[in-house]
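Q: I'm passing along final33.txt; it holds compact mmCIF, C-alpha atoms.
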# COMPACT_ATOMS: atom_id res chain seq x y z
CA MET A 1 105.45 103.58 42.51
CA ARG A 2 104.70 100.53 44.65
CA SER A 3 106.24 97.07 44.55
CA GLU A 4 104.96 93.75 45.82
CA THR A 5 106.90 91.75 48.35
CA PRO A 6 107.60 88.16 47.24
CA ASN A 7 105.57 86.57 50.03
CA GLY A 8 102.37 88.34 49.08
CA ALA A 9 102.52 90.84 51.95
CA GLU A 10 101.25 94.41 51.68
CA PRO A 11 103.14 96.35 48.96
CA THR A 12 105.95 98.61 50.12
CA ASP A 13 106.30 102.27 49.18
CA THR A 14 109.49 103.22 47.40
CA GLU A 15 109.47 106.44 49.44
CA GLN A 16 109.80 104.39 52.64
CA GLN A 17 112.84 102.68 51.23
CA LYS A 18 114.41 106.00 50.30
CA ALA A 19 113.88 107.26 53.83
CA ALA A 20 115.69 104.21 55.20
CA ARG A 21 118.76 104.53 52.94
CA PRO A 22 120.64 107.39 54.65
CA ALA A 23 120.54 105.68 58.02
CA ALA A 24 121.80 102.45 56.55
CA ARG A 25 124.67 104.13 54.71
CA GLU A 26 125.79 106.02 57.80
CA ALA A 27 125.81 102.84 59.90
CA THR A 28 129.12 101.24 60.84
CA GLY A 29 127.78 97.75 61.61
CA PRO A 30 125.15 95.29 60.44
CA SER A 31 122.59 96.15 63.13
CA ALA A 32 121.59 99.45 61.59
CA ALA A 33 121.60 97.94 58.11
CA ALA A 34 119.32 95.17 59.34
CA ALA A 35 116.98 97.71 60.91
CA ALA A 36 116.88 99.70 57.69
CA ALA A 37 116.18 96.55 55.70
CA ARG A 38 113.26 95.69 57.98
CA GLU A 39 111.84 99.20 57.66
CA ALA A 40 112.34 99.27 53.91
CA GLY A 41 111.17 95.78 53.07
CA GLY A 42 108.30 95.27 55.48
CA GLY A 43 109.68 91.84 56.37
CA ALA A 44 109.45 89.82 59.58
CA SER A 45 109.04 91.36 63.00
CA ALA A 46 112.06 91.83 65.24
CA ALA A 47 111.15 88.99 67.59
CA PRO A 48 109.07 85.83 67.61
CA HIS A 49 105.38 86.41 68.28
CA ALA A 50 104.56 86.19 71.96
CA ASP A 51 101.56 83.96 71.21
CA GLY A 52 103.78 81.34 69.58
CA GLU A 53 102.13 81.67 66.16
CA ASP A 54 103.00 78.77 63.87
CA HIS A 55 104.89 79.91 60.80
CA VAL A 56 105.60 76.46 59.31
CA VAL A 57 103.54 73.31 59.84
CA PHE A 58 104.24 69.77 58.64
CA GLU A 59 101.08 67.68 59.06
CA ALA A 60 101.43 63.89 58.58
CA VAL A 61 104.04 64.46 55.86
CA GLU A 62 105.58 61.44 54.15
CA LYS A 63 108.14 61.04 51.40
CA SER A 64 109.05 57.96 49.36
CA TYR A 65 111.26 57.81 46.30
CA ASP A 66 110.41 54.25 45.27
CA GLY A 67 106.82 53.94 46.46
CA GLU A 68 107.79 51.47 49.18
CA THR A 69 110.40 52.84 51.57
CA LEU A 70 109.52 56.01 53.49
CA VAL A 71 112.50 58.32 53.93
CA VAL A 72 110.22 60.67 55.89
CA ASN A 73 107.55 58.91 57.91
CA ASP A 74 104.41 60.61 59.30
CA LEU A 75 106.18 63.87 60.16
CA HIS A 76 104.35 66.28 62.46
CA LEU A 77 106.27 69.49 63.10
CA ARG A 78 105.34 73.05 64.04
CA ILE A 79 107.83 75.90 63.78
CA ALA A 80 107.04 79.20 65.49
CA ARG A 81 107.36 82.50 63.69
CA GLY A 82 110.82 83.93 64.32
CA GLU A 83 112.22 80.64 65.61
CA PHE A 84 115.66 79.23 64.75
CA LEU A 85 115.08 75.48 64.35
CA THR A 86 117.84 73.06 63.41
CA LEU A 87 117.21 69.67 61.84
CA LEU A 88 120.01 67.43 63.11
CA GLY A 89 120.74 63.84 62.24
CA PRO A 90 123.06 61.37 60.51
CA SER A 91 123.22 60.94 56.75
CA GLY A 92 120.03 59.40 55.39
CA SER A 93 117.93 60.35 58.40
CA GLY A 94 115.47 62.48 56.39
CA LYS A 95 116.46 65.95 57.58
CA THR A 96 117.56 67.32 54.19
CA THR A 97 114.55 65.78 52.46
CA CYS A 98 112.29 67.70 54.86
CA LEU A 99 114.09 70.94 54.03
CA MET A 100 113.83 70.27 50.29
CA MET A 101 110.08 69.58 50.59
CA LEU A 102 109.64 72.86 52.45
CA ALA A 103 111.63 74.69 49.78
CA GLY A 104 109.62 73.03 47.02
CA PHE A 105 112.50 71.11 45.41
CA GLU A 106 110.98 67.79 46.51
CA THR A 107 107.30 66.84 46.45
CA ALA A 108 105.70 65.30 49.52
CA THR A 109 104.24 61.85 48.90
CA GLY A 110 101.56 62.48 51.51
CA GLY A 111 100.46 65.00 54.11
CA GLU A 112 100.38 68.77 54.06
CA ILE A 113 102.96 71.54 54.42
CA ARG A 114 101.74 75.03 55.38
CA VAL A 115 103.68 78.29 55.49
CA GLY A 116 101.96 81.25 57.12
CA GLY A 117 98.73 79.26 57.14
CA GLU A 118 98.82 78.62 53.38
CA ARG A 119 99.16 75.14 51.91
CA VAL A 120 102.30 75.15 49.74
CA ASN A 121 102.46 71.55 48.48
CA ASP A 122 101.56 72.59 44.94
CA ILE A 123 103.26 76.01 44.88
CA PRO A 124 106.53 76.09 42.86
CA PRO A 125 109.72 77.08 44.73
CA HIS A 126 110.12 80.53 43.18
CA LYS A 127 106.63 81.54 44.30
CA ARG A 128 106.99 80.50 47.96
CA GLY A 129 108.89 83.62 48.98
CA ILE A 130 111.53 81.57 50.84
CA GLY A 131 115.22 82.47 51.08
CA MET A 132 117.62 79.55 50.54
CA VAL A 133 121.31 79.10 51.35
CA PHE A 134 122.83 75.98 49.80
CA GLN A 135 125.81 73.97 50.99
CA ASN A 136 127.79 74.78 47.83
CA TYR A 137 126.52 78.42 47.84
CA ALA A 138 125.15 78.06 44.24
CA LEU A 139 126.45 81.46 43.16
CA PHE A 140 126.39 82.28 39.45
CA PRO A 141 130.08 82.29 38.42
CA HIS A 142 129.54 84.58 35.40
CA MET A 143 127.87 87.28 37.52
CA THR A 144 129.40 89.80 39.89
CA VAL A 145 128.45 89.80 43.56
CA ALA A 146 126.03 92.67 42.99
CA GLU A 147 124.47 90.87 40.01
CA ASN A 148 124.07 87.67 42.05
CA LEU A 149 122.19 89.60 44.72
CA ALA A 150 120.13 91.51 42.17
CA PHE A 151 118.92 88.34 40.44
CA PRO A 152 116.18 87.32 42.95
CA LEU A 153 114.96 90.92 42.99
CA GLN A 154 114.75 91.04 39.21
CA VAL A 155 112.84 87.75 39.13
CA ARG A 156 110.32 89.36 41.52
CA LYS A 157 109.99 92.41 39.23
CA THR A 158 111.46 94.78 41.81
CA PRO A 159 111.75 98.31 40.37
CA LYS A 160 115.25 98.96 39.09
CA GLU A 161 115.81 101.97 41.34
CA GLU A 162 115.21 99.78 44.40
CA VAL A 163 117.51 96.95 43.40
CA GLN A 164 120.79 98.78 43.97
CA ASP A 165 119.76 99.94 47.43
CA ARG A 166 118.54 96.51 48.54
CA VAL A 167 121.75 94.91 47.29
CA ARG A 168 123.77 97.44 49.25
CA LEU A 169 121.76 96.85 52.44
CA ALA A 170 122.10 93.08 52.14
CA LEU A 171 125.88 93.29 51.73
CA GLU A 172 126.17 95.62 54.71
CA MET A 173 124.11 93.23 56.84
CA THR A 174 126.57 90.44 56.08
CA ARG A 175 129.61 92.64 56.73
CA LEU A 176 130.72 92.97 53.12
CA ASP A 177 131.69 96.42 51.82
CA PRO A 178 129.46 97.00 48.74
CA ASP A 179 132.05 99.25 47.09
CA MET A 180 134.83 96.69 47.58
CA PHE A 181 133.00 93.44 46.83
CA GLY A 182 130.06 94.39 44.60
CA SER A 183 132.03 94.21 41.35
CA ARG A 184 133.93 90.99 42.16
CA ARG A 185 133.03 87.58 40.80
CA PRO A 186 132.65 84.51 43.05
CA ALA A 187 136.02 83.08 41.92
CA GLN A 188 137.70 86.18 43.38
CA LEU A 189 136.27 85.55 46.86
CA SER A 190 137.39 83.36 49.73
CA GLY A 191 135.13 80.58 51.01
CA GLY A 192 133.94 82.74 53.88
CA GLN A 193 133.18 85.66 51.57
CA GLN A 194 131.23 83.40 49.20
CA GLN A 195 129.21 82.14 52.14
CA ARG A 196 128.37 85.74 53.12
CA VAL A 197 127.29 86.52 49.57
CA ALA A 198 125.04 83.44 49.51
CA LEU A 199 123.51 84.55 52.82
CA ALA A 200 123.04 88.11 51.53
CA ARG A 201 121.31 86.79 48.40
CA ALA A 202 118.90 84.76 50.57
CA LEU A 203 118.03 87.88 52.59
CA VAL A 204 118.00 90.54 49.87
CA PHE A 205 114.27 90.28 49.08
CA ASN A 206 113.32 90.34 52.79
CA PRO A 207 111.85 86.83 53.14
CA GLU A 208 110.15 85.88 56.39
CA LEU A 209 111.47 82.31 56.12
CA VAL A 210 115.08 81.33 55.37
CA LEU A 211 116.28 77.76 54.82
CA MET A 212 119.94 76.77 55.19
CA ASP A 213 121.32 73.42 54.03
CA GLU A 214 124.65 72.84 55.82
CA PRO A 215 125.93 76.26 54.69
CA LEU A 216 129.11 76.17 56.79
CA GLY A 217 130.26 72.66 55.91
CA ALA A 218 133.04 73.80 53.55
CA LEU A 219 134.61 76.32 55.96
CA ASP A 220 137.52 75.74 58.33
CA LYS A 221 136.82 75.42 62.05
CA GLN A 222 137.68 78.99 63.07
CA LEU A 223 135.73 80.61 60.24
CA ARG A 224 132.82 78.23 60.75
CA GLU A 225 132.53 79.20 64.41
CA HIS A 226 132.69 82.89 63.51
CA MET A 227 129.96 82.51 60.88
CA GLN A 228 127.77 80.66 63.38
CA TYR A 229 127.85 83.79 65.50
CA GLU A 230 127.17 86.03 62.49
CA ILE A 231 124.14 84.00 61.37
CA LYS A 232 122.71 83.84 64.88
CA THR A 233 123.17 87.60 65.29
CA LEU A 234 121.41 88.31 61.99
CA HIS A 235 118.56 86.04 63.02
CA ALA A 236 118.11 87.97 66.25
CA GLU A 237 118.22 91.33 64.46
CA LEU A 238 115.88 90.46 61.58
CA GLY A 239 113.47 88.18 63.42
CA VAL A 240 113.12 85.86 60.43
CA THR A 241 112.23 82.20 60.83
CA VAL A 242 115.26 79.99 60.11
CA VAL A 243 115.21 76.27 59.38
CA TYR A 244 118.80 75.01 59.41
CA VAL A 245 120.09 71.55 58.45
CA THR A 246 123.36 70.15 59.79
CA HIS A 247 124.98 66.94 60.96
CA ASP A 248 127.30 68.95 63.25
CA GLN A 249 125.84 68.72 66.74
CA ASN A 250 128.04 71.51 68.14
CA GLU A 251 126.74 73.83 65.42
CA ALA A 252 123.16 72.86 66.24
CA MET A 253 123.65 73.39 69.98
CA ALA A 254 125.33 76.78 69.54
CA MET A 255 122.81 78.37 67.17
CA SER A 256 119.34 76.98 67.75
CA ASP A 257 116.27 77.86 69.76
CA ARG A 258 115.23 74.22 69.33
CA VAL A 259 116.83 71.17 67.73
CA ALA A 260 114.92 68.34 66.06
CA VAL A 261 116.93 65.11 66.05
CA PHE A 262 116.11 62.88 63.08
CA ASN A 263 116.69 59.18 62.57
CA GLU A 264 115.08 56.72 60.14
CA GLY A 265 112.75 59.39 58.78
CA LYS A 266 111.29 60.36 62.15
CA ILE A 267 111.92 63.02 64.78
CA GLN A 268 113.34 61.24 67.81
CA GLN A 269 113.23 64.32 70.03
CA ILE A 270 112.68 68.04 69.58
CA ALA A 271 113.77 70.36 72.38
CA PRO A 272 115.98 73.34 73.30
CA PRO A 273 119.70 72.45 73.15
CA GLN A 274 120.23 72.21 76.91
CA GLU A 275 117.23 69.92 77.40
CA LEU A 276 118.34 67.76 74.50
CA TYR A 277 121.78 67.34 76.05
CA GLU A 278 120.72 66.95 79.67
CA ARG A 279 117.57 64.89 79.15
CA PRO A 280 117.78 62.73 76.00
CA ALA A 281 114.46 61.01 75.34
CA ASN A 282 115.89 57.71 74.09
CA SER A 283 119.11 55.80 73.50
CA PHE A 284 119.60 57.16 69.98
CA VAL A 285 119.50 60.79 71.11
CA ALA A 286 121.79 60.02 74.05
CA GLN A 287 124.37 58.47 71.72
CA PHE A 288 124.08 61.01 68.89
CA VAL A 289 124.05 64.29 70.82
CA GLY A 290 127.28 65.00 72.68
CA GLU A 291 129.75 62.51 74.08
CA ASN A 292 128.11 59.89 76.21
CA ASN A 293 129.08 56.90 78.36
CA ARG A 294 126.89 53.83 78.02
CA MET A 295 126.51 51.00 80.50
CA PHE A 296 124.16 48.10 79.88
CA GLY A 297 122.16 46.05 82.33
CA VAL A 298 118.70 44.94 83.43
CA VAL A 299 116.13 46.90 85.44
CA GLU A 300 115.69 45.38 88.90
CA ALA A 301 113.05 47.80 90.15
CA ILE A 302 111.42 51.17 89.45
CA LYS A 303 110.12 53.41 92.21
CA GLU A 304 109.21 57.11 92.30
CA GLY A 305 110.78 57.79 88.91
CA ARG A 306 114.06 56.07 89.72
CA ALA A 307 115.35 52.78 88.35
CA ARG A 308 117.69 50.29 90.01
CA VAL A 309 119.75 48.66 87.28
CA ARG A 310 122.02 45.63 87.65
CA LEU A 311 125.01 45.98 85.32
CA ARG A 312 126.55 43.08 83.43
CA ASP A 313 129.26 42.64 86.09
CA GLY A 314 126.66 42.55 88.87
CA ALA A 315 127.16 46.10 90.16
CA MET A 316 124.03 48.10 91.03
CA VAL A 317 123.34 51.63 89.79
CA SER A 318 120.46 54.00 90.58
CA ALA A 319 119.33 56.30 87.75
CA LEU A 320 116.41 58.42 86.58
CA ALA A 321 113.89 56.22 84.77
CA ALA A 322 113.69 58.03 81.41
CA ASN A 323 111.84 55.61 79.14
CA VAL A 324 112.09 52.29 81.00
CA SER A 325 108.93 51.11 82.71
CA ALA A 326 109.21 47.54 83.99
CA SER A 327 111.43 45.14 85.92
CA ASP A 328 113.60 42.73 83.90
CA GLN A 329 113.66 45.22 81.02
CA PRO A 330 117.04 45.59 79.24
CA ALA A 331 118.37 49.09 79.86
CA MET A 332 121.12 51.42 78.74
CA LEU A 333 122.49 53.86 81.31
CA SER A 334 123.57 57.22 79.91
CA ILE A 335 126.04 59.48 81.74
CA ARG A 336 128.01 62.44 80.37
CA PRO A 337 131.83 62.31 80.83
CA GLU A 338 132.00 65.67 82.62
CA ARG A 339 129.49 64.52 85.27
CA VAL A 340 131.72 61.72 86.59
CA ILE A 341 134.13 62.03 89.52
CA CYS A 342 137.31 59.93 89.37
CA ALA A 343 139.86 59.43 92.17
CA PRO A 344 142.36 56.80 93.34
CA GLU A 345 140.58 56.62 96.70
CA ASP A 346 136.94 56.51 97.71
CA VAL A 347 134.66 59.18 96.25
CA ARG A 348 131.46 60.53 97.75
CA ALA A 349 128.57 60.03 95.36
CA GLU A 350 125.19 58.33 95.14
CA ASN A 351 126.65 55.81 92.69
CA VAL A 352 130.20 54.48 93.15
CA LEU A 353 131.85 51.91 90.87
CA ASN A 354 135.28 50.32 90.57
CA ALA A 355 137.37 51.21 87.53
CA VAL A 356 140.84 50.81 86.04
CA VAL A 357 142.69 53.58 84.19
CA ARG A 358 143.52 52.66 80.58
CA GLU A 359 144.69 55.98 79.15
CA GLU A 360 145.01 59.63 80.08
CA VAL A 361 145.17 62.32 77.39
CA PHE A 362 146.03 65.99 77.90
CA LEU A 363 143.78 68.23 75.75
CA GLY A 364 144.69 71.70 76.97
CA ASP A 365 141.66 72.90 78.89
CA HIS A 366 140.76 69.43 80.19
CA ILE A 367 142.09 65.93 80.81
CA ARG A 368 140.40 63.02 79.09
CA THR A 369 140.72 59.73 80.95
CA ARG A 370 139.69 56.39 79.45
CA LEU A 371 138.69 53.72 81.96
CA SER A 372 137.51 50.14 82.19
CA VAL A 373 134.15 50.15 83.97
CA ALA A 374 131.73 47.22 84.27
CA GLY A 375 133.35 45.38 81.38
CA ASP A 376 133.53 48.43 79.10
CA ASP A 377 137.05 49.65 78.20
CA ASP A 378 135.85 52.92 76.67
CA PHE A 379 134.31 54.72 79.65
CA ILE A 380 135.41 58.37 79.45
CA VAL A 381 135.86 60.94 82.21
CA LYS A 382 136.58 64.61 81.47
CA THR A 383 138.11 66.77 84.19
CA PRO A 384 139.23 70.42 84.06
CA ASN A 385 142.96 70.98 83.67
CA ASP A 386 144.08 71.55 87.24
CA GLN A 387 147.84 71.56 87.76
CA ALA A 388 147.36 70.49 91.38
CA ALA A 389 145.34 67.41 90.40
CA GLU A 390 147.03 64.03 90.65
CA ARG A 391 147.79 62.42 87.29
CA LEU A 392 146.40 58.93 86.79
CA THR A 393 148.67 56.30 85.25
CA PRO A 394 147.47 53.37 83.10
CA GLY A 395 146.66 50.27 85.14
CA LEU A 396 145.82 52.21 88.30
CA PRO A 397 142.65 51.03 90.12
CA VAL A 398 140.34 53.96 90.85
CA LYS A 399 136.81 54.76 91.97
CA ILE A 400 134.28 56.68 89.92
CA GLY A 401 131.15 58.35 91.23
CA PHE A 402 128.11 60.15 89.83
CA SER A 403 124.71 61.31 91.01
CA ILE A 404 121.35 59.73 90.25
CA GLU A 405 120.19 62.96 88.59
CA ASP A 406 123.06 62.82 86.09
CA CYS A 407 122.39 59.22 85.02
CA ARG A 408 119.43 58.23 82.84
CA ALA A 409 118.04 54.73 82.41
CA LEU A 410 116.91 54.34 78.81
CA GLU A 411 115.42 51.49 76.84
CA ALA A 412 118.32 49.51 75.36
CA PRO A 413 118.74 50.05 71.60
CA ARG A 414 117.62 47.29 69.28
CA ALA A 415 120.27 45.04 67.78
CA GLY A 416 121.89 46.58 64.72
CA ARG A 417 121.16 50.15 65.75
Can the structure from this file be put into C-alpha cells for me?
A:
Amino acid sequence: MRSETPNGAEPTDTEQQKAARPAAREATGPSAAAAAAREAGGGASAAPHADGEDHVVFEAVEKSYDGETLVVNDLHLRIARGEFLTLLGPSGSGKTTCLMMLAGFETATGGEIRVGGERVNDIPPHKRGIGMVFQNYALFPHMTVAENLAFPLQVRKTPKEEVQDRVRLALEMTRLDPDMFGSRRPAQLSGGQQQRVALARALVFNPELVLMDEPLGALDKQLREHMQYEIKTLHAELGVTVVYVTHDQNEAMAMSDRVAVFNEGKIQQIAPPQELYERPANSFVAQFVGENNRMFGVVEAIKEGRARVRLRDGAMVSALAANVSASDQPAMLSIRPERVICAPEDVRAENVLNAVVREEVFLGDHIRTRLSVAGDDDFIVKTPNDQAAERLTPGLPVKIGFSIEDCRALEAPRAGR
C-alpha cells in the first residue's frame, strides 16, 4: 500500500517506513528518530540546497483590513529551502500578518505568495502541507497526546498502520517518551511538555515548511532558552524550512540563519544576526535590535565612507557613514554599550568624549554604568566584571572612547518615531 505525502511529493512506501522503525526505536536521542522520520516520510533534505533554491517567495504582497491602511506594504521576500528565518518586530509591525498569509489564515490583498514554486494564494490552509505551531499551542483538550498527533495524519488519509509509528517518531524527536506521554491529555502536561507536543504535531506529517508564531512566549526564561536550543537542533537535523515570528530579539539572534526586522508593514533590514547587530541599516534597526547608545548631531563632512558629526554640545565625532549622504544632514550616531571604553583618566581611542558618571549597577558578569554624555543622561557602558577594575562613583568626571568602526552615522529618525 502507498500513501501520499501532504505536500504532493512522491508517494512513500509503507515498507520503507517499516524498515525505519527498528532503528528509531533503538535510538536513545532525537537525532536517530529524526533520521528515521526523514527516511520514512520522504520529507526535506538534511541541509539547505547549495544553489540557494527559493522555497517561499512573497512578491509585491500587500494586506489591508479596511481597504485603506496597509498593514503589509509591498512585501518582497525570498526564503531559501532549509533556511531558519525569523520575522522580528514590535506589535503591529506586520510580522504575524505575513505568517498568517503564508499559512492561509489571512488572504493577501495584493501580490503573490509561492511555496515550492506553486502559487498558494487561493489554496486553503489544510491543503498547503505546512506545519504550524501556535503561541497558545492549540492542542485539543479532549484528546490524548497521541490522538492530537494522529489528527493531522488522519485528515491526510494516512493508513492506520502508519499513524502509530509516525506519532511515536514525532514524540521521540521532541524528547517525549511515547509510552509515558502518549495517553496523557494536555491538562496533565506542563507548559514545556505542551509546547513539545505542539511541535511534534507540526512535524508528524513530515512537512517541508514549518511556521511558528511566538511558540515560546508562555514559557519561563530557563525553559524558553532550552527550547530554543531544541528547536534549532531539530531544524538542523530535519533540514525543514522554518519561518518563526517573535518580538524577542534575543530569541531571534540565537536561533536564526537570517532575521527580517519589520516596522510599519515593511522589512527594514534582513540579514544574518551578527550583521544585523553590528551593521544596522537605519535608525529603527539600531534602536530595536540590541541595546544601543544614541547621540544626535549634524553631519559636517563625509569623506571616504566616514562622516564627521558635530554633536549638540559642539563635540566632534567620526563615524562610519551608514545611510547619511550630505553635509548639514541631521544624524543619529549609534554605538553599542560594550564597545565603549570608560576611565577616570585619558583613554586612547579614535573618538574621546567627556562624561559624568550617574549610576553604576552590578549585574554579575558585567558592570553597567550610566553616564551623562553630550547632554544625554542615559548613555550606557558595559564592562566585564573585573575585581581589579576601579569602581566609578556617581558624579565622577570620566573620559569615554570608541573607534570609528564601532560607531555608525545614521539618518536621524523622523519626529514621532
Q: If we count all atoms listed in the file and set the cut-off at 8 Å, which residues sit around segment 92-107 of chain A, ignoring sequence neighbours fewer than 3 positions away in its own chain? Please answer as a ChimeraX atom specification.
A: /A:63,71-72,87-89,113,121,123-125,128,130,132,211,213,243,245,262-266
Q: Sort by chain and increasing residue number a table of all residues of segment 253-320 of chain A within 9 Å of segment 328-335 of chain A, each with its closest pair of atoms and their distance in Å to one decimal, counting only C-alpha atoms, and write it as CSV.
A:
residue,atom,partner,partner_atom,distance
A:Pro280,CA,A:Ser334,CA,8.9
A:Ser283,CA,A:Met332,CA,7.1
A:Ala286,CA,A:Ser334,CA,6.7
A:Gln287,CA,A:Ser334,CA,8.3
A:Asn292,CA,A:Ile335,CA,5.9
A:Asn293,CA,A:Ile335,CA,5.2
A:Arg294,CA,A:Ser334,CA,5.1
A:Met295,CA,A:Leu333,CA,5.0
A:Phe296,CA,A:Met332,CA,4.6
A:Gly297,CA,A:Ala331,CA,5.5
A:Val298,CA,A:Pro330,CA,4.6
A:Val299,CA,A:Asp328,CA,5.1
A:Glu300,CA,A:Asp328,CA,6.0
A:Ala301,CA,A:Asp328,CA,8.1
A:Val309,CA,A:Ala331,CA,7.6
A:Val317,CA,A:Leu333,CA,8.8
A:Ala319,CA,A:Leu333,CA,7.6
Q: Record the distance separating atom CA of Arg306 of chain A and atom CA of Val356 of chain A, expressed in Å with one decimal.
A: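 One can read the atom CA of Arg306 of chain A to atom CA of Val356 of chain A distance as 27.5 Å.
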Q: Rounded to one decimal in Å, what is the spacing between atom CA of Val285 of chain A and atom CA of Asn73 of chain A?
A: 17.9 Å
Q: How many Å separate atom CA of Gly192 of chain A from atom CA of Leu223 of chain A?
A: 6.9 Å
